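Okay, query_26.cif is below, mmCIF, N, CA and C atoms and all ligand atoms:
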```cif
data_run
#
loop_
_atom_site.label_atom_id
_atom_site.label_comp_id
_atom_site.auth_asym_id
_atom_site.auth_seq_id
_atom_site.Cartn_x
_atom_site.Cartn_y
_atom_site.Cartn_z
N MET A 361 -36.58 -3.52 -0.96
CA MET A 361 -36.71 -3.55 -2.41
C MET A 361 -38.17 -3.77 -2.77
N ASN A 362 -38.66 -3.06 -3.77
CA ASN A 362 -40.04 -3.26 -4.17
C ASN A 362 -40.12 -4.06 -5.47
N SER A 363 -41.33 -4.41 -5.85
CA SER A 363 -41.50 -5.30 -7.00
C SER A 363 -41.20 -4.64 -8.34
N ILE A 364 -41.07 -3.31 -8.37
CA ILE A 364 -40.77 -2.67 -9.65
C ILE A 364 -39.28 -2.44 -9.86
N THR A 365 -38.46 -2.90 -8.91
CA THR A 365 -37.01 -2.77 -9.06
C THR A 365 -36.55 -3.66 -10.21
N PRO A 366 -35.87 -3.11 -11.21
CA PRO A 366 -35.41 -3.94 -12.32
C PRO A 366 -34.45 -5.03 -11.83
N PRO A 367 -34.54 -6.22 -12.41
CA PRO A 367 -33.68 -7.33 -11.96
C PRO A 367 -32.19 -6.99 -11.99
N ASP A 368 -31.77 -6.17 -12.95
CA ASP A 368 -30.34 -5.87 -13.03
C ASP A 368 -29.88 -4.93 -11.92
N LYS A 369 -30.78 -4.39 -11.15
CA LYS A 369 -30.43 -3.51 -10.03
C LYS A 369 -30.49 -4.25 -8.69
N ARG A 370 -30.85 -5.54 -8.74
CA ARG A 370 -30.99 -6.31 -7.50
C ARG A 370 -29.66 -6.87 -7.06
N VAL A 371 -29.45 -6.82 -5.76
CA VAL A 371 -28.23 -7.33 -5.15
C VAL A 371 -28.66 -8.29 -4.05
N GLU A 372 -27.95 -9.41 -3.94
CA GLU A 372 -28.33 -10.41 -2.95
C GLU A 372 -27.17 -10.65 -1.99
N PHE A 373 -27.48 -10.61 -0.69
CA PHE A 373 -26.48 -10.92 0.33
C PHE A 373 -27.19 -11.65 1.46
N THR A 374 -26.42 -12.10 2.44
CA THR A 374 -27.07 -12.76 3.57
C THR A 374 -26.83 -11.97 4.85
N PHE A 375 -27.82 -11.99 5.72
CA PHE A 375 -27.68 -11.39 7.05
C PHE A 375 -28.08 -12.45 8.06
N ASP A 376 -27.14 -12.82 8.90
CA ASP A 376 -27.35 -13.90 9.88
C ASP A 376 -27.94 -15.14 9.21
N GLY A 377 -27.43 -15.43 8.03
CA GLY A 377 -27.81 -16.65 7.32
C GLY A 377 -29.06 -16.53 6.47
N LYS A 378 -29.75 -15.40 6.55
CA LYS A 378 -30.97 -15.24 5.76
C LYS A 378 -30.69 -14.40 4.52
N LYS A 379 -31.28 -14.81 3.41
CA LYS A 379 -31.09 -14.09 2.16
C LYS A 379 -31.81 -12.74 2.20
N VAL A 380 -31.10 -11.70 1.76
CA VAL A 380 -31.69 -10.36 1.67
C VAL A 380 -31.48 -9.87 0.24
N ILE A 381 -32.53 -9.35 -0.35
CA ILE A 381 -32.42 -8.76 -1.68
C ILE A 381 -32.55 -7.26 -1.53
N ALA A 382 -31.58 -6.54 -2.08
CA ALA A 382 -31.54 -5.09 -1.95
C ALA A 382 -31.38 -4.46 -3.33
N ILE A 383 -31.32 -3.15 -3.34
CA ILE A 383 -31.14 -2.42 -4.59
C ILE A 383 -29.70 -1.95 -4.66
N SER A 384 -29.08 -2.15 -5.80
CA SER A 384 -27.72 -1.68 -6.02
C SER A 384 -27.61 -0.21 -5.64
N GLY A 385 -26.60 0.12 -4.87
CA GLY A 385 -26.40 1.51 -4.44
C GLY A 385 -26.89 1.77 -3.02
N GLN A 386 -27.73 0.88 -2.49
CA GLN A 386 -28.18 1.04 -1.10
C GLN A 386 -27.03 0.75 -0.16
N THR A 387 -27.13 1.32 1.05
CA THR A 387 -26.21 0.90 2.10
C THR A 387 -26.77 -0.35 2.77
N LEU A 388 -25.88 -1.07 3.45
CA LEU A 388 -26.36 -2.22 4.22
C LEU A 388 -27.39 -1.79 5.24
N ALA A 389 -27.14 -0.66 5.90
CA ALA A 389 -28.08 -0.18 6.91
C ALA A 389 -29.46 0.06 6.29
N GLY A 390 -29.49 0.70 5.15
CA GLY A 390 -30.77 0.97 4.50
C GLY A 390 -31.48 -0.31 4.10
N ALA A 391 -30.72 -1.24 3.53
CA ALA A 391 -31.32 -2.50 3.10
C ALA A 391 -31.87 -3.29 4.29
N LEU A 392 -31.13 -3.28 5.40
CA LEU A 392 -31.57 -4.05 6.57
C LEU A 392 -32.73 -3.37 7.28
N LEU A 393 -32.72 -2.05 7.33
CA LEU A 393 -33.87 -1.34 7.91
C LEU A 393 -35.13 -1.66 7.12
N GLU A 394 -34.99 -1.69 5.80
CA GLU A 394 -36.14 -2.00 4.94
C GLU A 394 -36.69 -3.39 5.24
N GLN A 395 -35.82 -4.29 5.69
CA GLN A 395 -36.24 -5.65 6.03
C GLN A 395 -36.78 -5.75 7.47
N GLY A 396 -36.75 -4.65 8.19
CA GLY A 396 -37.25 -4.66 9.56
C GLY A 396 -36.18 -5.00 10.59
N VAL A 397 -34.94 -5.10 10.16
CA VAL A 397 -33.85 -5.41 11.09
C VAL A 397 -33.51 -4.15 11.87
N ARG A 398 -33.56 -4.23 13.18
CA ARG A 398 -33.25 -3.07 14.04
C ARG A 398 -31.98 -3.28 14.85
N THR A 399 -31.63 -4.51 15.11
CA THR A 399 -30.44 -4.79 15.91
C THR A 399 -29.31 -5.25 14.99
N LEU A 400 -28.19 -4.49 15.03
CA LEU A 400 -27.04 -4.84 14.20
C LEU A 400 -25.87 -5.33 15.04
N ARG A 401 -25.84 -4.92 16.30
CA ARG A 401 -24.78 -5.40 17.19
C ARG A 401 -25.32 -5.43 18.60
N LYS A 402 -24.56 -6.10 19.49
CA LYS A 402 -24.89 -6.10 20.91
C LYS A 402 -23.67 -5.60 21.66
N THR A 403 -23.92 -4.82 22.72
CA THR A 403 -22.81 -4.20 23.42
C THR A 403 -21.95 -5.24 24.15
N ARG A 404 -20.72 -4.84 24.42
CA ARG A 404 -19.69 -5.75 24.93
C ARG A 404 -20.02 -6.31 26.31
N ILE A 405 -20.49 -5.51 27.24
CA ILE A 405 -20.65 -5.98 28.61
C ILE A 405 -22.07 -6.46 28.91
N LYS A 406 -23.06 -5.67 28.57
CA LYS A 406 -24.43 -6.04 28.92
C LYS A 406 -25.23 -6.66 27.78
N GLY A 407 -24.66 -6.69 26.58
CA GLY A 407 -25.37 -7.30 25.47
C GLY A 407 -26.60 -6.53 25.03
N ILE A 408 -26.55 -5.22 25.24
CA ILE A 408 -27.69 -4.38 24.87
C ILE A 408 -27.70 -4.19 23.35
N PRO A 409 -28.86 -4.37 22.72
CA PRO A 409 -28.92 -4.24 21.26
C PRO A 409 -28.72 -2.80 20.79
N ARG A 410 -28.01 -2.67 19.69
CA ARG A 410 -27.78 -1.37 19.05
C ARG A 410 -28.06 -1.51 17.56
N GLY A 411 -28.43 -0.37 16.97
CA GLY A 411 -28.70 -0.38 15.53
C GLY A 411 -28.36 0.97 14.94
N VAL A 412 -28.94 1.26 13.81
CA VAL A 412 -28.65 2.53 13.13
C VAL A 412 -29.11 3.68 14.01
N PHE A 413 -28.20 4.63 14.24
CA PHE A 413 -28.54 5.80 15.04
C PHE A 413 -28.31 7.06 14.21
N CYS A 414 -27.06 7.35 13.87
CA CYS A 414 -26.80 8.58 13.13
C CYS A 414 -26.97 8.39 11.62
N GLY A 415 -26.62 7.24 11.13
CA GLY A 415 -26.74 6.96 9.70
C GLY A 415 -25.69 7.62 8.82
N ILE A 416 -24.69 8.26 9.45
CA ILE A 416 -23.67 8.97 8.67
C ILE A 416 -22.24 8.63 9.12
N GLY A 417 -22.07 7.52 9.82
CA GLY A 417 -20.73 7.06 10.13
C GLY A 417 -20.09 7.65 11.37
N ILE A 418 -20.85 8.32 12.21
CA ILE A 418 -20.28 9.00 13.37
C ILE A 418 -20.39 8.17 14.66
N CYS A 419 -21.52 7.52 14.88
CA CYS A 419 -21.79 6.93 16.21
C CYS A 419 -21.25 5.51 16.41
N PHE A 420 -20.99 4.79 15.35
CA PHE A 420 -20.51 3.40 15.41
C PHE A 420 -21.50 2.45 16.08
N ASP A 421 -22.76 2.79 16.10
CA ASP A 421 -23.77 1.88 16.66
C ASP A 421 -24.19 0.80 15.66
N CYS A 422 -23.82 0.96 14.41
CA CYS A 422 -24.29 0.03 13.37
C CYS A 422 -23.23 -0.99 12.99
N LEU A 423 -22.28 -1.27 13.88
CA LEU A 423 -21.20 -2.19 13.53
C LEU A 423 -21.72 -3.60 13.28
N VAL A 424 -21.23 -4.19 12.21
CA VAL A 424 -21.58 -5.56 11.85
C VAL A 424 -20.31 -6.29 11.43
N VAL A 425 -20.45 -7.57 11.29
CA VAL A 425 -19.35 -8.40 10.77
C VAL A 425 -19.64 -8.65 9.29
N ILE A 426 -18.70 -8.25 8.44
CA ILE A 426 -18.89 -8.44 6.99
C ILE A 426 -17.80 -9.36 6.48
N ASP A 427 -18.21 -10.46 5.91
CA ASP A 427 -17.26 -11.47 5.39
C ASP A 427 -16.19 -11.80 6.42
N GLY A 428 -16.60 -11.91 7.67
CA GLY A 428 -15.71 -12.31 8.75
C GLY A 428 -14.96 -11.17 9.42
N LEU A 429 -15.04 -9.97 8.88
CA LEU A 429 -14.33 -8.83 9.47
C LEU A 429 -15.28 -8.03 10.37
N PRO A 430 -14.98 -7.93 11.67
CA PRO A 430 -15.85 -7.19 12.58
C PRO A 430 -15.64 -5.69 12.44
N ASN A 431 -16.52 -4.94 13.09
CA ASN A 431 -16.40 -3.48 13.22
C ASN A 431 -16.54 -2.73 11.89
N GLN A 432 -17.41 -3.23 11.04
CA GLN A 432 -17.69 -2.55 9.77
C GLN A 432 -19.01 -1.78 9.93
N ARG A 433 -19.00 -0.53 9.55
CA ARG A 433 -20.20 0.29 9.70
C ARG A 433 -21.20 0.02 8.57
N ALA A 434 -22.36 -0.45 8.95
CA ALA A 434 -23.38 -0.78 7.95
C ALA A 434 -23.88 0.45 7.22
N CYS A 435 -23.83 1.61 7.89
CA CYS A 435 -24.37 2.82 7.25
C CYS A 435 -23.42 3.39 6.20
N LEU A 436 -22.18 2.90 6.17
CA LEU A 436 -21.21 3.40 5.19
C LEU A 436 -20.83 2.34 4.16
N THR A 437 -21.43 1.18 4.25
CA THR A 437 -21.07 0.08 3.37
C THR A 437 -22.15 -0.14 2.32
N GLU A 438 -21.75 -0.11 1.08
CA GLU A 438 -22.71 -0.34 -0.01
C GLU A 438 -22.94 -1.84 -0.17
N VAL A 439 -24.18 -2.21 -0.43
CA VAL A 439 -24.49 -3.63 -0.62
C VAL A 439 -23.78 -4.14 -1.88
N ARG A 440 -23.35 -5.39 -1.79
CA ARG A 440 -22.74 -6.05 -2.94
C ARG A 440 -23.23 -7.49 -2.97
N ASP A 441 -23.30 -8.04 -4.15
CA ASP A 441 -23.69 -9.44 -4.29
C ASP A 441 -22.73 -10.33 -3.51
N GLY A 442 -23.31 -11.26 -2.76
CA GLY A 442 -22.52 -12.29 -2.10
C GLY A 442 -21.96 -11.93 -0.75
N LEU A 443 -22.22 -10.72 -0.25
CA LEU A 443 -21.73 -10.37 1.08
C LEU A 443 -22.34 -11.29 2.13
N THR A 444 -21.53 -11.63 3.12
CA THR A 444 -22.04 -12.36 4.28
C THR A 444 -21.96 -11.41 5.46
N VAL A 445 -23.12 -11.00 5.95
CA VAL A 445 -23.20 -10.00 7.01
C VAL A 445 -23.80 -10.67 8.25
N GLU A 446 -23.20 -10.38 9.40
CA GLU A 446 -23.69 -10.98 10.64
C GLU A 446 -23.80 -9.92 11.73
N THR A 447 -24.72 -10.14 12.64
CA THR A 447 -24.82 -9.32 13.83
C THR A 447 -23.50 -9.43 14.60
N GLN A 448 -23.00 -8.30 15.10
CA GLN A 448 -21.75 -8.32 15.87
C GLN A 448 -22.06 -8.43 17.36
N ASP A 449 -21.39 -9.37 18.01
CA ASP A 449 -21.56 -9.57 19.44
C ASP A 449 -20.35 -8.97 20.15
N GLY A 450 -20.56 -7.90 20.91
CA GLY A 450 -19.46 -7.26 21.62
C GLY A 450 -18.46 -6.65 20.66
N LEU A 451 -17.19 -6.89 20.94
CA LEU A 451 -16.13 -6.32 20.11
C LEU A 451 -15.90 -7.09 18.82
N GLY A 452 -16.50 -8.25 18.71
CA GLY A 452 -16.26 -9.08 17.54
C GLY A 452 -14.88 -9.72 17.65
N SER A 453 -14.58 -10.62 16.77
CA SER A 453 -13.26 -11.24 16.77
C SER A 453 -12.82 -11.47 15.34
N LEU A 454 -11.52 -11.39 15.16
CA LEU A 454 -10.98 -11.59 13.82
C LEU A 454 -10.91 -13.08 13.52
N PRO A 455 -11.05 -13.43 12.25
CA PRO A 455 -10.99 -14.86 11.89
C PRO A 455 -9.60 -15.44 12.14
S1 LIG B 1 -25.38 4.56 12.29
FE1 LIG B 1 -23.91 5.79 13.24
S2 LIG B 1 -22.04 5.06 12.42
FE2 LIG B 1 -23.54 3.94 11.36
#
```

Represent the structure contained in this file as structure tokens.
Ligand code: FES
Amino acid sequence: MNSITPPDKRVEFTFDGKKVIAISGQTLAGALLEQGVRTLRKTRIKGIPRGVFCGIGICFDCLVVIDGLPNQRACLTEVRDGLTVETQDGLGSLP
């Protein structure tokens, strides 16, 4: 988000406990890339970091945990006020 973004277009959520301010209409992937976040999940066996690859919902490399629900694609999820987003470790687990 840049400084000329009107306040009414700003959306605030957290990623791994840190506050992120984005623009209404952005995807989580776009907002996090803008913040310099490259790792969104770690693979199940070796813990290898993965992030946005295709950006169109095909590769599933951008899986994150959103409000406690694992396996949510960041590239297909629009930012909303109050979302709690976390890096996914392996397959994730349900609450
Ligand atoms: S980046 Fe490929 S599914 Fe999201």

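Among the candidate residues A:Leu388, A:Pro367, A:Asp449, A:Phe373, the one lying nearest to Ala434 of chain A is A:Leu388, with distances computed using all atoms listed in the file.
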
Write out as a ChimeraX atom specification the residues lying within 10 Å of Arg370 of chain A, counting only C-alpha atoms and excluding same-chain residues fewer than 4 positions away.
/A:361,365-366,381-385,439-441

Ranking A:Thr387, A:Cys414, A:Val424, A:Leu400 by minimum distance to ligand LIG 1 (chain B) and counting only N, CA and C atoms and all ligand atoms, which one comes first?
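Going through A:Thr387, A:Cys414, A:Val424, A:Leu400 one by one, the smallest distance to ligand LIG 1 (chain B) is for A:Cys414.
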
Sorted by chain and rising residue number, list the residues of chain A at most 12 Å from ligand LIG 1 (chain B) (counting only C-alpha atoms and all ligand atoms), each with its closest atom pair and distance in Å to one decimal, as a Markdown table.
```
| residue | atom | partner | partner_atom | distance |
| --- | --- | --- | --- | --- |
| A:Thr387 | CA | B:LIG1 | FE2 | 10.1 |
| A:Leu388 | CA | B:LIG1 | FE2 | 9.8 |
| A:Ala389 | CA | B:LIG1 | FE2 | 7.6 |
| A:Gly390 | CA | B:LIG1 | S1 | 10.1 |
| A:Leu393 | CA | B:LIG1 | S1 | 11.2 |
| A:Arg398 | CA | B:LIG1 | S1 | 11.1 |
| A:Thr399 | CA | B:LIG1 | S1 | 11.2 |
| A:Leu400 | CA | B:LIG1 | S1 | 9.7 |
| A:Arg401 | CA | B:LIG1 | FE2 | 11.1 |
| A:Arg410 | CA | B:LIG1 | S1 | 9.3 |
| A:Gly411 | CA | B:LIG1 | S1 | 6.8 |
| A:Val412 | CA | B:LIG1 | S1 | 3.9 |
| A:Phe413 | CA | B:LIG1 | S1 | 4.4 |
| A:Cys414 | CA | B:LIG1 | FE1 | 4.0 |
| A:Gly415 | CA | B:LIG1 | S1 | 3.8 |
| A:Ile416 | CA | B:LIG1 | FE1 | 5.6 |
| A:Gly417 | CA | B:LIG1 | S2 | 3.3 |
| A:Ile418 | CA | B:LIG1 | S2 | 4.4 |
| A:Cys419 | CA | B:LIG1 | FE1 | 3.8 |
| A:Phe420 | CA | B:LIG1 | S2 | 3.7 |
| A:Asp421 | CA | B:LIG1 | FE1 | 5.2 |
| A:Cys422 | CA | B:LIG1 | FE2 | 4.5 |
| A:Leu423 | CA | B:LIG1 | FE2 | 6.9 |
| A:Val424 | CA | B:LIG1 | FE2 | 9.7 |
| A:Asn431 | CA | B:LIG1 | S2 | 10.3 |
| A:Gln432 | CA | B:LIG1 | FE2 | 8.9 |
| A:Arg433 | CA | B:LIG1 | FE2 | 5.2 |
| A:Ala434 | CA | B:LIG1 | FE2 | 5.8 |
| A:Cys435 | CA | B:LIG1 | FE2 | 4.3 |
| A:Leu436 | CA | B:LIG1 | FE2 | 6.6 |
| A:Thr437 | CA | B:LIG1 | FE2 | 9.2 |
```

Residues from last step as file, N, CA and C atoms, as a short mmCIF file (atom, residue, chain, number, x, y, z; two decimals), in the frame of the given file:
```cif
data_model
loop_
_atom_site.label_atom_id
_atom_site.label_comp_id
_atom_site.auth_asym_id
_atom_site.auth_seq_id
_atom_site.Cartn_x
_atom_site.Cartn_y
_atom_site.Cartn_z
N THR A 387 -27.13 1.32 1.05
CA THR A 387 -26.21 0.90 2.10
C THR A 387 -26.77 -0.35 2.77
N LEU A 388 -25.88 -1.07 3.45
CA LEU A 388 -26.36 -2.22 4.22
C LEU A 388 -27.39 -1.79 5.24
N ALA A 389 -27.14 -0.66 5.90
CA ALA A 389 -28.08 -0.18 6.91
C ALA A 389 -29.46 0.06 6.29
N GLY A 390 -29.49 0.70 5.15
CA GLY A 390 -30.77 0.97 4.50
C GLY A 390 -31.48 -0.31 4.10
N LEU A 393 -32.72 -2.05 7.33
CA LEU A 393 -33.87 -1.34 7.91
C LEU A 393 -35.13 -1.66 7.12
N ARG A 398 -33.56 -4.23 13.18
CA ARG A 398 -33.25 -3.07 14.04
C ARG A 398 -31.98 -3.28 14.85
N THR A 399 -31.63 -4.51 15.11
CA THR A 399 -30.44 -4.79 15.91
C THR A 399 -29.31 -5.25 14.99
N LEU A 400 -28.19 -4.49 15.03
CA LEU A 400 -27.04 -4.84 14.20
C LEU A 400 -25.87 -5.33 15.04
N ARG A 401 -25.84 -4.92 16.30
CA ARG A 401 -24.78 -5.40 17.19
C ARG A 401 -25.32 -5.43 18.60
N ARG A 410 -28.01 -2.67 19.69
CA ARG A 410 -27.78 -1.37 19.05
C ARG A 410 -28.06 -1.51 17.56
N GLY A 411 -28.43 -0.37 16.97
CA GLY A 411 -28.70 -0.38 15.53
C GLY A 411 -28.36 0.97 14.94
N VAL A 412 -28.94 1.26 13.81
CA VAL A 412 -28.65 2.53 13.13
C VAL A 412 -29.11 3.68 14.01
N PHE A 413 -28.20 4.63 14.24
CA PHE A 413 -28.54 5.80 15.04
C PHE A 413 -28.31 7.06 14.21
N CYS A 414 -27.06 7.35 13.87
CA CYS A 414 -26.80 8.58 13.13
C CYS A 414 -26.97 8.39 11.62
N GLY A 415 -26.62 7.24 11.13
CA GLY A 415 -26.74 6.96 9.70
C GLY A 415 -25.69 7.62 8.82
N ILE A 416 -24.69 8.26 9.45
CA ILE A 416 -23.67 8.97 8.67
C ILE A 416 -22.24 8.63 9.12
N GLY A 417 -22.07 7.52 9.82
CA GLY A 417 -20.73 7.06 10.13
C GLY A 417 -20.09 7.65 11.37
N ILE A 418 -20.85 8.32 12.21
CA ILE A 418 -20.28 9.00 13.37
C ILE A 418 -20.39 8.17 14.66
N CYS A 419 -21.52 7.52 14.88
CA CYS A 419 -21.79 6.93 16.21
C CYS A 419 -21.25 5.51 16.41
N PHE A 420 -20.99 4.79 15.35
CA PHE A 420 -20.51 3.40 15.41
C PHE A 420 -21.50 2.45 16.08
N ASP A 421 -22.76 2.79 16.10
CA ASP A 421 -23.77 1.88 16.66
C ASP A 421 -24.19 0.80 15.66
N CYS A 422 -23.82 0.96 14.41
CA CYS A 422 -24.29 0.03 13.37
C CYS A 422 -23.23 -0.99 12.99
N LEU A 423 -22.28 -1.27 13.88
CA LEU A 423 -21.20 -2.19 13.53
C LEU A 423 -21.72 -3.60 13.28
N VAL A 424 -21.23 -4.19 12.21
CA VAL A 424 -21.58 -5.56 11.85
C VAL A 424 -20.31 -6.29 11.43
N ASN A 431 -16.52 -4.94 13.09
CA ASN A 431 -16.40 -3.48 13.22
C ASN A 431 -16.54 -2.73 11.89
N GLN A 432 -17.41 -3.23 11.04
CA GLN A 432 -17.69 -2.55 9.77
C GLN A 432 -19.01 -1.78 9.93
N ARG A 433 -19.00 -0.53 9.55
CA ARG A 433 -20.20 0.29 9.70
C ARG A 433 -21.20 0.02 8.57
N ALA A 434 -22.36 -0.45 8.95
CA ALA A 434 -23.38 -0.78 7.95
C ALA A 434 -23.88 0.45 7.22
N CYS A 435 -23.83 1.61 7.89
CA CYS A 435 -24.37 2.82 7.25
C CYS A 435 -23.42 3.39 6.20
N LEU A 436 -22.18 2.90 6.17
CA LEU A 436 -21.21 3.40 5.19
C LEU A 436 -20.83 2.34 4.16
N THR A 437 -21.43 1.18 4.25
CA THR A 437 -21.07 0.08 3.37
C THR A 437 -22.15 -0.14 2.32
#
```

Skipping near chain neighbours, those fewer than 2 positions away, what residues fall within 7 Å of Thr374 of chain A using only C-alpha atoms, listed as an NGL selection string?
:A and (376-380 or 443-445)

For atom CA of Glu372 of chain A and atom CA of Gly428 of chain A, the interatomic separation in Å (one decimal)
17.3 Å

Find the residues with any atom within 6 Å of (-16.8, -8.7, 15.7); use only C-alpha atoms and the coordinates as given in the file, and write the answer as a ChimeraX atom specification.
/A:425,430-431,448,451-453

Residues as selected, N, CA and C atoms, written as an mmCIF file, in the frame of the given file, can you do that?
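The resulting file, result_19.cif, is shown below:
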```
data_model
loop_
_atom_site.group_PDB
_atom_site.id
_atom_site.type_symbol
_atom_site.label_atom_id
_atom_site.label_comp_id
_atom_site.auth_asym_id
_atom_site.auth_seq_id
_atom_site.Cartn_x
_atom_site.Cartn_y
_atom_site.Cartn_z
ATOM 1 N N VAL A 425 -20.450 -7.570 11.290
ATOM 2 C CA VAL A 425 -19.350 -8.400 10.770
ATOM 3 C C VAL A 425 -19.640 -8.650 9.290
ATOM 4 N N PRO A 430 -14.980 -7.930 11.670
ATOM 5 C CA PRO A 430 -15.850 -7.190 12.580
ATOM 6 C C PRO A 430 -15.640 -5.690 12.440
ATOM 7 N N ASN A 431 -16.520 -4.940 13.090
ATOM 8 C CA ASN A 431 -16.400 -3.480 13.220
ATOM 9 C C ASN A 431 -16.540 -2.730 11.890
ATOM 10 N N GLN A 448 -23.000 -8.300 15.100
ATOM 11 C CA GLN A 448 -21.750 -8.320 15.870
ATOM 12 C C GLN A 448 -22.060 -8.430 17.360
ATOM 13 N N LEU A 451 -17.190 -6.890 20.940
ATOM 14 C CA LEU A 451 -16.130 -6.320 20.110
ATOM 15 C C LEU A 451 -15.900 -7.090 18.820
ATOM 16 N N GLY A 452 -16.500 -8.250 18.710
ATOM 17 C CA GLY A 452 -16.260 -9.080 17.540
ATOM 18 C C GLY A 452 -14.880 -9.720 17.650
ATOM 19 N N SER A 453 -14.580 -10.620 16.770
ATOM 20 C CA SER A 453 -13.260 -11.240 16.770
ATOM 21 C C SER A 453 -12.820 -11.470 15.340
#
```

For atom CA of Asp427 of chain A and atom N of Val371 of chain A, quote the distance in Å rounded to one decimal.
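Computing it gives 17.2 Å between the two atoms.
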
To one decimal place, how far is atom N of Arg404 of chain A from atom N of Leu454 of chain A in Å?
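About the pair atom N of Arg404 of chain A and atom N of Leu454 of chain A: they are 14.6 Å apart.
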
Identify all residues of chain A in helix (DSSP H, G or I) (DSSP on the backbone) and supply them as a list of chain:residue names.
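Selecting the helix (DSSP H, G or I) positions of chain A gives A:Pro367, A:Asp368, A:Lys369, A:Leu388, A:Ala389, A:Gly390, A:Ala391, A:Leu392, A:Leu393, A:Glu394, A:Ala434, A:Cys435, A:Leu436.
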
Looking only at strand (DSSP E) from DSSP on the backbone, list the matching residues of chain A as a ChimeraX atom specification.
/A:370-375,378-383,401-402,409-410,423-426,429-433,444-449

Restrict the selected residues to N, CA and C atoms and save them as a tab-separated table (two decimals), in the frame of the given file.
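Output file out_36.tsv follows:
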```tsv
chain	number	residue	atom	x	y	z
A	370	ARG	N	-30.85	-5.54	-8.74
A	370	ARG	CA	-30.99	-6.31	-7.50
A	370	ARG	C	-29.66	-6.87	-7.06
A	371	VAL	N	-29.45	-6.82	-5.76
A	371	VAL	CA	-28.23	-7.33	-5.15
A	371	VAL	C	-28.66	-8.29	-4.05
A	372	GLU	N	-27.95	-9.41	-3.94
A	372	GLU	CA	-28.33	-10.41	-2.95
A	372	GLU	C	-27.17	-10.65	-1.99
A	373	PHE	N	-27.48	-10.61	-0.69
A	373	PHE	CA	-26.48	-10.92	0.33
A	373	PHE	C	-27.19	-11.65	1.46
A	374	THR	N	-26.42	-12.10	2.44
A	374	THR	CA	-27.07	-12.76	3.57
A	374	THR	C	-26.83	-11.97	4.85
A	375	PHE	N	-27.82	-11.99	5.72
A	375	PHE	CA	-27.68	-11.39	7.05
A	375	PHE	C	-28.08	-12.45	8.06
A	378	LYS	N	-29.75	-15.40	6.55
A	378	LYS	CA	-30.97	-15.24	5.76
A	378	LYS	C	-30.69	-14.40	4.52
A	379	LYS	N	-31.28	-14.81	3.41
A	379	LYS	CA	-31.09	-14.09	2.16
A	379	LYS	C	-31.81	-12.74	2.20
A	380	VAL	N	-31.10	-11.70	1.76
A	380	VAL	CA	-31.69	-10.36	1.67
A	380	VAL	C	-31.48	-9.87	0.24
A	381	ILE	N	-32.53	-9.35	-0.35
A	381	ILE	CA	-32.42	-8.76	-1.68
A	381	ILE	C	-32.55	-7.26	-1.53
A	382	ALA	N	-31.58	-6.54	-2.08
A	382	ALA	CA	-31.54	-5.09	-1.95
A	382	ALA	C	-31.38	-4.46	-3.33
A	383	ILE	N	-31.32	-3.15	-3.34
A	383	ILE	CA	-31.14	-2.42	-4.59
A	383	ILE	C	-29.70	-1.95	-4.66
A	401	ARG	N	-25.84	-4.92	16.30
A	401	ARG	CA	-24.78	-5.40	17.19
A	401	ARG	C	-25.32	-5.43	18.60
A	402	LYS	N	-24.56	-6.10	19.49
A	402	LYS	CA	-24.89	-6.10	20.91
A	402	LYS	C	-23.67	-5.60	21.66
A	409	PRO	N	-28.86	-4.37	22.72
A	409	PRO	CA	-28.92	-4.24	21.26
A	409	PRO	C	-28.72	-2.80	20.79
A	410	ARG	N	-28.01	-2.67	19.69
A	410	ARG	CA	-27.78	-1.37	19.05
A	410	ARG	C	-28.06	-1.51	17.56
A	423	LEU	N	-22.28	-1.27	13.88
A	423	LEU	CA	-21.20	-2.19	13.53
A	423	LEU	C	-21.72	-3.60	13.28
A	424	VAL	N	-21.23	-4.19	12.21
A	424	VAL	CA	-21.58	-5.56	11.85
A	424	VAL	C	-20.31	-6.29	11.43
A	425	VAL	N	-20.45	-7.57	11.29
A	425	VAL	CA	-19.35	-8.40	10.77
A	425	VAL	C	-19.64	-8.65	9.29
A	426	ILE	N	-18.70	-8.25	8.44
A	426	ILE	CA	-18.89	-8.44	6.99
A	426	ILE	C	-17.80	-9.36	6.48
A	429	LEU	N	-15.04	-9.97	8.88
A	429	LEU	CA	-14.33	-8.83	9.47
A	429	LEU	C	-15.28	-8.03	10.37
A	430	PRO	N	-14.98	-7.93	11.67
A	430	PRO	CA	-15.85	-7.19	12.58
A	430	PRO	C	-15.64	-5.69	12.44
A	431	ASN	N	-16.52	-4.94	13.09
A	431	ASN	CA	-16.40	-3.48	13.22
A	431	ASN	C	-16.54	-2.73	11.89
A	432	GLN	N	-17.41	-3.23	11.04
A	432	GLN	CA	-17.69	-2.55	9.77
A	432	GLN	C	-19.01	-1.78	9.93
A	433	ARG	N	-19.00	-0.53	9.55
A	433	ARG	CA	-20.20	0.29	9.70
A	433	ARG	C	-21.20	0.02	8.57
A	444	THR	N	-21.53	-11.63	3.12
A	444	THR	CA	-22.04	-12.36	4.28
A	444	THR	C	-21.96	-11.41	5.46
A	445	VAL	N	-23.12	-11.00	5.95
A	445	VAL	CA	-23.20	-10.00	7.01
A	445	VAL	C	-23.80	-10.67	8.25
A	446	GLU	N	-23.20	-10.38	9.40
A	446	GLU	CA	-23.69	-10.98	10.64
A	446	GLU	C	-23.80	-9.92	11.73
A	447	THR	N	-24.72	-10.14	12.64
A	447	THR	CA	-24.82	-9.32	13.83
A	447	THR	C	-23.50	-9.43	14.60
A	448	GLN	N	-23.00	-8.30	15.10
A	448	GLN	CA	-21.75	-8.32	15.87
A	448	GLN	C	-22.06	-8.43	17.36
A	449	ASP	N	-21.39	-9.37	18.01
A	449	ASP	CA	-21.56	-9.57	19.44
A	449	ASP	C	-20.35	-8.97	20.15
```

Where is the centre and how long are the edges: axis-aligned box on segment 419-430 of chain A, 8 Å on each side, Å to one decimal, as AutoDock Vina command-line options:
```
--center_x -19.3 --center_y -2.4 --center_z 11.0 --size_x 26.0 --size_y 35.8 --size_z 27.3
```

Which residue is closest to Ile405 of chain A? Choose from A:Ile426, A:Gly450, A:Leu392, A:Gln386 and count only C-alpha atoms.
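When distances to Ile405 of chain A are compared using only C-alpha atoms, the smallest one comes from A:Gly450.
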